[in-house]
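Source file: model_8.pdb. Holds: PDB, C-alpha atoms (C1' of nucleotides).
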```pdb
ATOM      1  CA  MET A   1     -20.843 134.295-151.443  1.00  0.00           C
ATOM      2  CA  HIS A   2     -19.849 131.925-154.203  1.00  0.00           C
ATOM      3  CA  THR A   3     -20.181 128.196-154.601  1.00  0.00           C
ATOM      4  CA  PRO A   4     -16.755 126.789-153.819  1.00  0.00           C
ATOM      5  CA  SER A   5     -15.176 123.792-155.483  1.00  0.00           C
ATOM      6  CA  LEU A   6     -14.971 120.722-153.296  1.00  0.00           C
ATOM      7  CA  TYR A   7     -11.187 120.957-153.447  1.00  0.00           C
ATOM      8  CA  GLU A   8     -11.424 124.485-152.078  1.00  0.00           C
ATOM      9  CA  VAL A   9     -13.656 123.271-149.244  1.00  0.00           C
ATOM     10  CA  TYR A  10     -11.206 120.486-148.504  1.00  0.00           C
ATOM     11  CA  GLN A  11      -8.314 122.911-148.291  1.00  0.00           C
ATOM     12  CA  ARG A  12     -10.181 125.128-145.855  1.00  0.00           C
ATOM     13  CA  LEU A  13     -11.079 122.201-143.634  1.00  0.00           C
ATOM     14  CA  TYR A  14      -7.582 120.801-143.716  1.00  0.00           C
ATOM     15  CA  ASP A  15      -6.093 124.218-142.924  1.00  0.00           C
ATOM     16  CA  ALA A  16      -8.514 124.624-140.029  1.00  0.00           C
ATOM     17  CA  PHE A  17      -8.313 121.151-138.498  1.00  0.00           C
ATOM     18  CA  GLY A  18      -5.247 119.379-139.860  1.00  0.00           C
ATOM     19  CA  PRO A  19      -5.052 115.621-140.451  1.00  0.00           C
ATOM     20  CA  GLN A  20      -7.649 113.600-138.525  1.00  0.00           C
ATOM     21  CA  ASN A  21      -5.779 110.278-138.641  1.00  0.00           C
ATOM     22  CA  TRP A  22      -8.742 108.120-139.518  1.00  0.00           C
ATOM     23  CA  TRP A  23      -9.654 105.318-139.053  1.00  0.00           C
ATOM     24  CA  PRO A  24      -8.546 104.669-135.447  1.00  0.00           C
ATOM     25  CA  GLY A  25      -7.758 100.937-135.385  1.00  0.00           C
ATOM     26  CA  GLU A  26      -4.786  98.625-135.287  1.00  0.00           C
ATOM     27  CA  SER A  27      -5.704  96.453-138.253  1.00  0.00           C
ATOM     28  CA  PRO A  28      -8.112  96.298-141.181  1.00  0.00           C
ATOM     29  CA  PHE A  29     -10.094  93.703-139.268  1.00  0.00           C
ATOM     30  CA  GLU A  30     -10.487  96.056-136.323  1.00  0.00           C
ATOM     31  CA  VAL A  31     -11.713  98.732-138.698  1.00  0.00           C
ATOM     32  CA  LEU A  32     -14.298  96.355-140.079  1.00  0.00           C
ATOM     33  CA  VAL A  33     -15.532  95.445-136.607  1.00  0.00           C
ATOM     34  CA  GLY A  34     -15.616  99.120-135.643  1.00  0.00           C
ATOM     35  CA  ALA A  35     -17.638  99.976-138.744  1.00  0.00           C
ATOM     36  CA  ILE A  36     -20.525  97.839-137.501  1.00  0.00           C
ATOM     37  CA  LEU A  37     -20.266  98.847-133.862  1.00  0.00           C
ATOM     38  CA  VAL A  38     -20.167 102.593-134.525  1.00  0.00           C
ATOM     39  CA  GLN A  39     -23.540 102.708-136.288  1.00  0.00           C
ATOM     40  CA  ASN A  40     -25.462 105.644-134.800  1.00  0.00           C
ATOM     41  CA  THR A  41     -23.095 105.626-131.823  1.00  0.00           C
ATOM     42  CA  SER A  42     -20.220 107.761-130.616  1.00  0.00           C
ATOM     43  CA  TRP A  43     -16.721 106.412-131.112  1.00  0.00           C
ATOM     44  CA  SER A  44     -15.854 106.588-127.403  1.00  0.00           C
ATOM     45  CA  ASN A  45     -18.377 103.802-126.785  1.00  0.00           C
ATOM     46  CA  VAL A  46     -16.880 101.707-129.549  1.00  0.00           C
ATOM     47  CA  GLU A  47     -13.390 102.042-128.090  1.00  0.00           C
ATOM     48  CA  LYS A  48     -14.473 100.270-124.920  1.00  0.00           C
ATOM     49  CA  ALA A  49     -15.860  97.340-126.854  1.00  0.00           C
ATOM     50  CA  ILE A  50     -12.821  97.120-129.133  1.00  0.00           C
ATOM     51  CA  CYS A  51     -10.499  97.116-126.122  1.00  0.00           C
ATOM     52  CA  ARG A  52     -12.454  94.276-124.545  1.00  0.00           C
ATOM     53  CA  LEU A  53     -12.229  92.206-127.708  1.00  0.00           C
ATOM     54  CA  ARG A  54      -8.504  92.889-127.912  1.00  0.00           C
ATOM     55  CA  GLU A  55      -7.932  91.937-124.285  1.00  0.00           C
ATOM     56  CA  GLU A  56      -9.803  88.692-124.797  1.00  0.00           C
ATOM     57  CA  GLY A  57      -7.611  87.942-127.810  1.00  0.00           C
ATOM     58  CA  LEU A  58     -10.637  87.823-130.080  1.00  0.00           C
ATOM     59  CA  MET A  59      -9.555  90.269-132.789  1.00  0.00           C
ATOM     60  CA  CYS A  60      -9.495  87.568-135.393  1.00  0.00           C
ATOM     61  CA  PRO A  61     -12.234  86.576-137.868  1.00  0.00           C
ATOM     62  CA  GLN A  62     -12.424  82.888-136.972  1.00  0.00           C
ATOM     63  CA  LYS A  63     -12.349  83.339-133.186  1.00  0.00           C
ATOM     64  CA  LEU A  64     -14.994  86.024-133.251  1.00  0.00           C
ATOM     65  CA  TYR A  65     -17.114  84.026-135.656  1.00  0.00           C
ATOM     66  CA  ARG A  66     -17.090  80.987-133.374  1.00  0.00           C
ATOM     67  CA  LEU A  67     -17.971  82.969-130.259  1.00  0.00           C
ATOM     68  CA  LYS A  68     -21.420  82.266-128.781  1.00  0.00           C
ATOM     69  CA  ASP A  69     -23.972  84.965-129.522  1.00  0.00           C
ATOM     70  CA  GLY A  70     -24.527  85.686-125.832  1.00  0.00           C
ATOM     71  CA  GLU A  71     -20.821  86.143-125.160  1.00  0.00           C
ATOM     72  CA  LEU A  72     -20.405  88.500-128.081  1.00  0.00           C
ATOM     73  CA  GLU A  73     -23.384  90.516-126.890  1.00  0.00           C
ATOM     74  CA  GLU A  74     -21.851  90.916-123.437  1.00  0.00           C
ATOM     75  CA  LEU A  75     -18.513  92.042-124.873  1.00  0.00           C
ATOM     76  CA  VAL A  76     -19.969  94.701-127.167  1.00  0.00           C
ATOM     77  CA  LYS A  77     -22.547  95.966-124.685  1.00  0.00           C
ATOM     78  CA  PRO A  78     -20.982  99.446-124.275  1.00  0.00           C
ATOM     79  CA  VAL A  79     -21.809 100.363-127.881  1.00  0.00           C
ATOM     80  CA  GLY A  80     -25.554 100.291-127.334  1.00  0.00           C
ATOM     81  CA  TYR A  81     -27.956  98.342-129.583  1.00  0.00           C
ATOM     82  CA  TYR A  82     -25.689  95.514-128.503  1.00  0.00           C
ATOM     83  CA  ARG A  83     -27.970  92.624-129.405  1.00  0.00           C
ATOM     84  CA  ILE A  84     -28.661  93.754-132.929  1.00  0.00           C
ATOM     85  CA  LYS A  85     -25.046  94.796-133.469  1.00  0.00           C
ATOM     86  CA  ALA A  86     -23.746  91.439-132.268  1.00  0.00           C
ATOM     87  CA  ARG A  87     -26.010  89.786-134.826  1.00  0.00           C
ATOM     88  CA  ARG A  88     -24.932  92.194-137.586  1.00  0.00           C
ATOM     89  CA  LEU A  89     -21.301  91.571-136.775  1.00  0.00           C
ATOM     90  CA  LYS A  90     -21.914  87.839-136.946  1.00  0.00           C
ATOM     91  CA  ASN A  91     -23.509  88.286-140.366  1.00  0.00           C
ATOM     92  CA  VAL A  92     -20.409  90.074-141.642  1.00  0.00           C
ATOM     93  CA  LEU A  93     -18.121  87.466-140.086  1.00  0.00           C
ATOM     94  CA  HIS A  94     -20.145  84.709-141.713  1.00  0.00           C
ATOM     95  CA  TYR A  95     -19.649  86.334-145.095  1.00  0.00           C
ATOM     96  CA  LEU A  96     -15.930  86.879-144.449  1.00  0.00           C
ATOM     97  CA  VAL A  97     -15.202  83.385-143.170  1.00  0.00           C
ATOM     98  CA  VAL A  98     -17.435  81.385-145.489  1.00  0.00           C
ATOM     99  CA  LYS A  99     -16.885  83.352-148.699  1.00  0.00           C
ATOM    100  CA  HIS A 100     -13.267  84.384-148.242  1.00  0.00           C
ATOM    101  CA  GLY A 101     -11.815  81.934-145.721  1.00  0.00           C
ATOM    102  CA  GLY A 102     -11.525  84.752-143.185  1.00  0.00           C
ATOM    103  CA  SER A 103      -9.034  86.600-145.402  1.00  0.00           C
ATOM    104  CA  LEU A 104      -9.595  90.348-145.715  1.00  0.00           C
ATOM    105  CA  GLU A 105      -6.952  90.361-148.407  1.00  0.00           C
ATOM    106  CA  ARG A 106      -9.021  88.030-150.522  1.00  0.00           C
ATOM    107  CA  MET A 107     -12.176  89.982-149.849  1.00  0.00           C
ATOM    108  CA  PHE A 108     -10.609  93.269-150.883  1.00  0.00           C
ATOM    109  CA  ALA A 109      -9.207  91.692-154.046  1.00  0.00           C
ATOM    110  CA  LEU A 110     -12.734  91.784-155.479  1.00  0.00           C
ATOM    111  CA  PRO A 111     -13.632  94.597-157.857  1.00  0.00           C
ATOM    112  CA  ILE A 112     -14.962  97.486-155.749  1.00  0.00           C
ATOM    113  CA  ASP A 113     -18.434  97.467-157.303  1.00  0.00           C
ATOM    114  CA  GLN A 114     -18.852  93.763-156.704  1.00  0.00           C
ATOM    115  CA  LEU A 115     -17.536  93.972-153.156  1.00  0.00           C
ATOM    116  CA  ARG A 116     -19.902  96.848-152.461  1.00  0.00           C
ATOM    117  CA  ARG A 117     -22.880  94.875-153.758  1.00  0.00           C
ATOM    118  CA  GLU A 118     -21.917  91.838-151.700  1.00  0.00           C
ATOM    119  CA  LEU A 119     -21.489  93.885-148.519  1.00  0.00           C
ATOM    120  CA  LEU A 120     -24.829  95.609-149.068  1.00  0.00           C
ATOM    121  CA  ASN A 121     -26.386  92.191-149.373  1.00  0.00           C
ATOM    122  CA  ILE A 122     -25.481  91.418-145.755  1.00  0.00           C
ATOM    123  CA  ASN A 123     -28.249  92.180-143.265  1.00  0.00           C
ATOM    124  CA  GLY A 124     -27.000  95.012-141.086  1.00  0.00           C
ATOM    125  CA  VAL A 125     -24.661  96.558-143.654  1.00  0.00           C
ATOM    126  CA  GLY A 126     -26.079  99.672-145.262  1.00  0.00           C
ATOM    127  CA  PRO A 127     -24.388 102.059-147.711  1.00  0.00           C
ATOM    128  CA  GLU A 128     -22.360 104.025-145.171  1.00  0.00           C
ATOM    129  CA  THR A 129     -21.065 100.926-143.410  1.00  0.00           C
ATOM    130  CA  ALA A 130     -20.185  99.261-146.714  1.00  0.00           C
ATOM    131  CA  ASP A 131     -18.298 102.315-147.935  1.00  0.00           C
ATOM    132  CA  SER A 132     -16.523 102.750-144.599  1.00  0.00           C
ATOM    133  CA  ILE A 133     -15.290  99.168-144.761  1.00  0.00           C
ATOM    134  CA  ILE A 134     -14.120  99.557-148.350  1.00  0.00           C
ATOM    135  CA  LEU A 135     -12.358 102.890-147.801  1.00  0.00           C
ATOM    136  CA  TYR A 136     -10.981 102.589-144.287  1.00  0.00           C
ATOM    137  CA  ALA A 137     -10.352  98.845-143.992  1.00  0.00           C
ATOM    138  CA  GLY A 138      -9.663  98.101-147.652  1.00  0.00           C
ATOM    139  CA  ASN A 139      -7.907 101.315-148.648  1.00  0.00           C
ATOM    140  CA  LEU A 140      -9.925 101.397-151.837  1.00  0.00           C
ATOM    141  CA  PRO A 141     -11.345 104.601-153.336  1.00  0.00           C
ATOM    142  CA  THR A 142     -15.021 104.936-152.473  1.00  0.00           C
ATOM    143  CA  PHE A 143     -16.378 108.135-150.939  1.00  0.00           C
ATOM    144  CA  VAL A 144     -18.193 107.815-147.604  1.00  0.00           C
ATOM    145  CA  VAL A 145     -21.064 110.178-146.822  1.00  0.00           C
ATOM    146  CA  ASP A 146     -23.084 110.405-143.631  1.00  0.00           C
ATOM    147  CA  ALA A 147     -25.623 112.530-141.788  1.00  0.00           C
ATOM    148  CA  TYR A 148     -23.031 115.253-141.156  1.00  0.00           C
ATOM    149  CA  THR A 149     -22.109 115.375-144.841  1.00  0.00           C
ATOM    150  CA  LEU A 150     -25.750 115.867-145.738  1.00  0.00           C
ATOM    151  CA  ARG A 151     -26.275 118.570-143.129  1.00  0.00           C
ATOM    152  CA  ILE A 152     -23.194 120.493-144.170  1.00  0.00           C
ATOM    153  CA  CYS A 153     -23.874 120.307-147.912  1.00  0.00           C
ATOM    154  CA  ALA A 154     -27.572 121.081-147.612  1.00  0.00           C
ATOM    155  CA  ARG A 155     -27.113 123.985-145.189  1.00  0.00           C
ATOM    156  CA  HIS A 156     -24.714 125.584-147.641  1.00  0.00           C
ATOM    157  CA  GLY A 157     -27.173 125.032-150.457  1.00  0.00           C
ATOM    158  CA  TRP A 158     -24.826 122.766-152.443  1.00  0.00           C
ATOM    159  CA  VAL A 159     -27.377 119.932-152.588  1.00  0.00           C
ATOM    160  CA  ASP A 160     -31.062 119.437-151.879  1.00  0.00           C
ATOM    161  CA  SER A 161     -31.761 118.323-148.321  1.00  0.00           C
ATOM    162  CA  GLN A 162     -33.851 115.416-149.645  1.00  0.00           C
ATOM    163  CA  ILE A 163     -30.947 113.967-151.646  1.00  0.00           C
ATOM    164  CA  ASP A 164     -30.387 110.233-151.152  1.00  0.00           C
ATOM    165  CA  TYR A 165     -27.166 108.512-150.126  1.00  0.00           C
ATOM    166  CA  HIS A 166     -25.990 107.466-153.569  1.00  0.00           C
ATOM    167  CA  THR A 167     -26.660 110.815-155.191  1.00  0.00           C
ATOM    168  CA  LEU A 168     -24.754 112.637-152.455  1.00  0.00           C
ATOM    169  CA  LYS A 169     -21.890 110.169-152.771  1.00  0.00           C
ATOM    170  CA  ASP A 170     -21.937 110.780-156.511  1.00  0.00           C
ATOM    171  CA  PHE A 171     -21.856 114.539-155.938  1.00  0.00           C
ATOM    172  CA  PHE A 172     -18.440 114.091-154.341  1.00  0.00           C
ATOM    173  CA  GLU A 173     -17.052 111.377-156.579  1.00  0.00           C
ATOM    174  CA  ARG A 174     -17.866 113.289-159.760  1.00  0.00           C
ATOM    175  CA  GLN A 175     -15.904 116.315-158.587  1.00  0.00           C
ATOM    176  CA  LEU A 176     -12.961 114.602-156.912  1.00  0.00           C
ATOM    177  CA  GLU A 177     -10.308 112.295-158.269  1.00  0.00           C
ATOM    178  CA  PRO A 178     -10.575 108.750-156.874  1.00  0.00           C
ATOM    179  CA  ASP A 179      -7.777 109.187-154.367  1.00  0.00           C
ATOM    180  CA  VAL A 180      -7.849 107.021-151.239  1.00  0.00           C
ATOM    181  CA  ALA A 181      -5.923 109.461-149.042  1.00  0.00           C
ATOM    182  CA  LEU A 182      -8.145 112.343-150.160  1.00  0.00           C
ATOM    183  CA  TYR A 183     -11.391 110.421-149.586  1.00  0.00           C
ATOM    184  CA  ASN A 184     -10.121 109.226-146.233  1.00  0.00           C
ATOM    185  CA  GLU A 185      -9.245 112.680-144.960  1.00  0.00           C
ATOM    186  CA  TYR A 186     -12.212 114.432-146.539  1.00  0.00           C
ATOM    187  CA  HIS A 187     -14.851 112.340-144.818  1.00  0.00           C
ATOM    188  CA  ALA A 188     -13.020 112.589-141.494  1.00  0.00           C
ATOM    189  CA  LEU A 189     -12.792 116.373-141.842  1.00  0.00           C
ATOM    190  CA  LEU A 190     -16.507 116.668-142.618  1.00  0.00           C
ATOM    191  CA  VAL A 191     -17.304 114.657-139.496  1.00  0.00           C
ATOM    192  CA  ARG A 192     -15.003 116.920-137.496  1.00  0.00           C
ATOM    193  CA  LEU A 193     -16.697 120.018-138.894  1.00  0.00           C
ATOM    194  CA  GLY A 194     -20.085 118.502-138.165  1.00  0.00           C
ATOM    195  CA  LYS A 195     -19.230 117.645-134.582  1.00  0.00           C
ATOM    196  CA  ASP A 196     -17.725 121.031-133.814  1.00  0.00           C
ATOM    197  CA  TYR A 197     -19.962 123.400-135.757  1.00  0.00           C
ATOM    198  CA  CYS A 198     -22.826 121.756-137.612  1.00  0.00           C
ATOM    199  CA  LYS A 199     -24.986 119.857-135.172  1.00  0.00           C
ATOM    200  CA  LYS A 200     -28.718 120.390-135.014  1.00  0.00           C
ATOM    201  CA  ARG A 201     -28.004 123.805-133.608  1.00  0.00           C
ATOM    202  CA  PRO A 202     -25.228 125.091-135.843  1.00  0.00           C
ATOM    203  CA  ARG A 203     -22.522 127.567-134.851  1.00  0.00           C
ATOM    204  CA  CYS A 204     -22.115 129.122-138.259  1.00  0.00           C
ATOM    205  CA  ASP A 205     -20.553 132.337-137.012  1.00  0.00           C
ATOM    206  CA  GLU A 206     -17.402 130.511-135.944  1.00  0.00           C
ATOM    207  CA  CYS A 207     -17.320 127.804-138.615  1.00  0.00           C
ATOM    208  CA  PRO A 208     -14.310 127.591-140.962  1.00  0.00           C
ATOM    209  CA  LEU A 209     -16.694 127.471-143.953  1.00  0.00           C
ATOM    210  CA  ARG A 210     -18.647 130.529-142.894  1.00  0.00           C
ATOM    211  CA  CYS A 211     -17.681 132.407-146.035  1.00  0.00           C
ATOM    212  CA  TYR A 212     -19.567 129.856-148.160  1.00  0.00           C
ATOM    213  CA  LEU A 213     -22.958 130.264-146.532  1.00  0.00           C
ATOM    214  CA  PRO A 214     -25.757 131.360-148.854  1.00  0.00           C
ATOM    215  CA  ASP A 215     -27.139 134.880-148.398  1.00  0.00           C
ATOM    216  CA  GLY A 216     -29.446 134.923-145.413  1.00  0.00           C
ATOM    217  CA  GLY A 217     -27.512 132.272-143.529  1.00  0.00           C
ATOM    218  CA  PRO A 218     -27.959 128.507-143.341  1.00  0.00           C
ATOM    219  CA  TYR A 219     -30.970 126.967-144.972  1.00  0.00           C
ATOM    220  CA  GLU A 220     -33.849 125.819-142.845  1.00  0.00           C
ATOM    221  CA  PRO A 221     -35.580 123.706-141.830  1.00  0.00           C
ATOM    222  CA  ASP A 222     -33.187 121.590-139.893  1.00  0.00           C
ATOM    223  CA  PHE A 223     -32.061 118.189-141.044  1.00  0.00           C
ATOM    224  CA  GLY A 224     -32.326 116.122-137.862  1.00  0.00           C
TER     225      GLY A 224
ATOM    226  C1'  DG B   1     -32.781 114.792-117.093  1.00  0.00           C
ATOM    227  C1'  DA B   2     -33.166 115.699-121.685  1.00  0.00           C
ATOM    228  C1'  DC B   3     -30.531 115.288-125.844  1.00  0.00           C
ATOM    229  C1'  DC B   4     -27.383 113.273-128.943  1.00  0.00           C
ATOM    230  C1'  DA B   5     -24.174 109.856-131.250  1.00  0.00           C
ATOM    231  C1'  DG B   6     -19.407 108.257-137.600  1.00  0.00           C
ATOM    232  C1'  DG B   7     -27.249 103.586-139.289  1.00  0.00           C
ATOM    233  C1'  DC B   8     -30.100 100.032-140.560  1.00  0.00           C
ATOM    234  C1'  DA B   9     -34.124  97.056-141.133  1.00  0.00           C
ATOM    235  C1'  DC B  10     -38.744  96.577-140.966  1.00  0.00           C
ATOM    236  C1'  DA B  11     -43.792  97.941-140.507  1.00  0.00           C
ATOM    237  C1'  DT B  12     -47.322 100.642-142.104  1.00  0.00           C
ATOM    238  C1'  DC B  13     -49.723 103.853-144.852  1.00  0.00           C
TER     239       DC B  13
ATOM    240  C1'  DG C   1     -42.303 105.467-152.491  1.00  0.00           C
ATOM    241  C1'  DA C   2     -42.359 108.111-148.388  1.00  0.00           C
ATOM    242  C1'  DT C   3     -42.584 108.227-143.452  1.00  0.00           C
ATOM    243  C1'  DG C   4     -42.285 106.260-138.643  1.00  0.00           C
ATOM    244  C1'  DT C   5     -40.258 103.255-135.201  1.00  0.00           C
ATOM    245  C1'  DG C   6     -37.227  99.974-132.518  1.00  0.00           C
ATOM    246  C1'  DC C   7     -32.725  99.123-131.272  1.00  0.00           C
ATOM    247  C1'  DA C   8     -29.584 100.819-125.998  1.00  0.00           C
ATOM    248  C1'  DT C   9     -25.252 102.534-123.874  1.00  0.00           C
ATOM    249  C1'  DG C  10     -22.542 106.498-122.378  1.00  0.00           C
ATOM    250  C1'  DG C  11     -21.108 111.404-122.616  1.00  0.00           C
ATOM    251  C1'  DT C  12     -22.505 116.477-122.295  1.00  0.00           C
TER     252       DT C  12
END
```

Represent the structure from my file as C-alpha cells, please.
Amino acid sequence: MHTPSLYEVYQRLYDAFGPQNWWPGESPFEVLVGAILVQNTSWSNVEKAICRLREEGLMCPQKLYRLKDGELEELVKPVGYYRIKARRLKNVLHYLVVKHGGSLERMFALPIDQLRRELLNINGVGPETADSIILYAGNLPTFVVDAYTLRICARHGWVDSQIDYHTLKDFFERQLEPDVALYNEYHALLVRLGKDYCKKRPRCDECPLRCYLPDGGPYEPDFG
DNA sequence: GACCAGGCACATC
DNA sequence: GATGTGCATGGT
C-alpha cells in the first residue's frame, strides 16, 4: 500500500466509472434550486420537485420568489423537510432578487471568496450548499466535499476522521489545480464511489480504490 | 419495517 | 467547543 496522489485517485475513479455528467439540471438557476432541495436527500426525490416547478413554469427567480410560502411547500413536498427547505429556498431567492436583481450572472460576477461569504450568510446555506452553487451553477473553481468524501478519505487513512469541512476542502484544493471541470467531475466521482462501495457498510473488496487501503483494511470506527 | 439519502440550524451541556 | 436533535419524503 502507498498513499496515492489525488490525481492518481481521480484517474482510477474516472477509469472505473467514466464521466458522471454533473450537475443534472437545465439551467444554472435549476442547479441552485436543486442545491437547496437535495440537502440530506436523494436526488430522485429532488427530480420530482424540479419537474413540478418546471411544469408550473416557475423556474425563474422572480416567479418563485413571489410564490406564497404554502404553495412552494406543496410543490417541493417530495424532497422531504419540505417546510424548512421552502423557507431556505426563499431565503436564497431573497438574496438573489434583492441583491442582484434576480441575475445569476451578476451574482457570479462577484469574487469567489466574497460570494462564498455572502452565500454562507444566508440561513439554510451551509458550506457544502454554498460550494455546490458556486461550482455547479456558477462554473467557478471551488472544491465541494461531503459526507462521502470524508468517509472515503478517512477510511483510507488520508485524513483524520474528525477533520472539519474547510480543512478537508483545503486538503483537495492544495493538491489540485483550480480547474472547474476537474473539480466538477472529482466530486461527482467521489459521490458515485460512496454510493456504490463506501456506505456505512463498505464493500472494500470490490472497490476500485481497494489497492489504496491501509494495511489491515479500512479504518474503524465507522463515520455515520 | 428498518435504514438511508449529494445538510443545516439550533439547543444544551 | 463538542455533541445531540428536529426536519420528512421516497427508495431499497

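The protein and nucleic acid residues lying at most 9 Å from Ile133 in chain A are Pro28, Val31, Leu32, Val33, Ala35, Leu119, Glu128, Thr129, Ala137, Gly138 and Asn139 of chain A, with only C-alpha atoms (C1' of nucleotides) considered and sequence neighbours fewer than 4 positions away removed.
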
Would you write out, as CSV, a table of all residues in chain C that have an atom no more than 10 Å from an atom of chain A, listing for each the closest atom pair and the distance in Å to one decimal, considering only C-alpha atoms (C1' of nucleotides) and ordering rows by chain and rising residue number?
```
residue,atom,partner,partner_atom,distance
C:DG6,C1',A:Tyr81,CA,9.9
C:DC7,C1',A:Tyr81,CA,5.1
C:DA8,C1',A:Gly80,CA,4.3
C:DT9,C1',A:Gly80,CA,4.1
C:DG10,C1',A:Asn45,CA,6.6
C:DG11,C1',A:Ser44,CA,8.6
```

Evaluate the PyMOL selection byres ((chain B) within 8 of (chain A)) here and jot the selected residues down as a short mmCIF file (atom, residue, chain, number, x, y, z; two decimals) with C-alpha atoms (C1' of nucleotides), in the frame of the given file.
```
data_model
loop_
_atom_site.label_atom_id
_atom_site.label_comp_id
_atom_site.auth_asym_id
_atom_site.auth_seq_id
_atom_site.Cartn_x
_atom_site.Cartn_y
_atom_site.Cartn_z
"C1'" DA B 5 -24.17 109.86 -131.25
"C1'" DG B 6 -19.41 108.26 -137.60
"C1'" DG B 7 -27.25 103.59 -139.29
"C1'" DC B 8 -30.10 100.03 -140.56
"C1'" DA B 9 -34.12 97.06 -141.13
#
```

Length of the CA of Cys198 in chain A to CA of Arg116 in chain A vector [Å]: 29.1 Å

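The interatomic distance for the pair CA of Phe108 in chain A and CA of Asp170 in chain A works out to 21.6 Å.
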
Residue with smallest distance to Ile152 in chain A - pool A:Arg87, A:Arg210, A:His166, A:His94, counting all atoms listed in the file: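 Comparing A:Arg87, A:Arg210, A:His166, A:His94 against Ile152 in chain A, the winner is A:Arg210.
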
10 Å contact set for DT5 in chain C, only C-alpha atoms (C1' of nucleotides), chain neighbours under 2 positions out, as a ChimeraX atom specification: /B:10-11 /C:3,7

Å distance separating CA of Leu93 in chain A from CA of Cys60 in chain A, one decimal place: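 CA of Cys60 in chain A lies 9.8 Å from CA of Leu93 in chain A.
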
The PyMOL selection byres ((chain A and resi 8) around 12) applied to the shown file, residues as a VMD selection string: chain A and resid 2 to 7 9 to 15 175 to 176 186 208 to 209 211 to 212

Padding 8 Å on every side, please: axis-aligned box over the listed atoms of range 2-13 of chain B, centre and edge lengths to one decimal in Å, as AutoDock Vina command-line options.
```
--center_x -34.6 --center_y 106.1 --center_z -133.3 --size_x 46.3 --size_y 35.1 --size_z 39.2
```
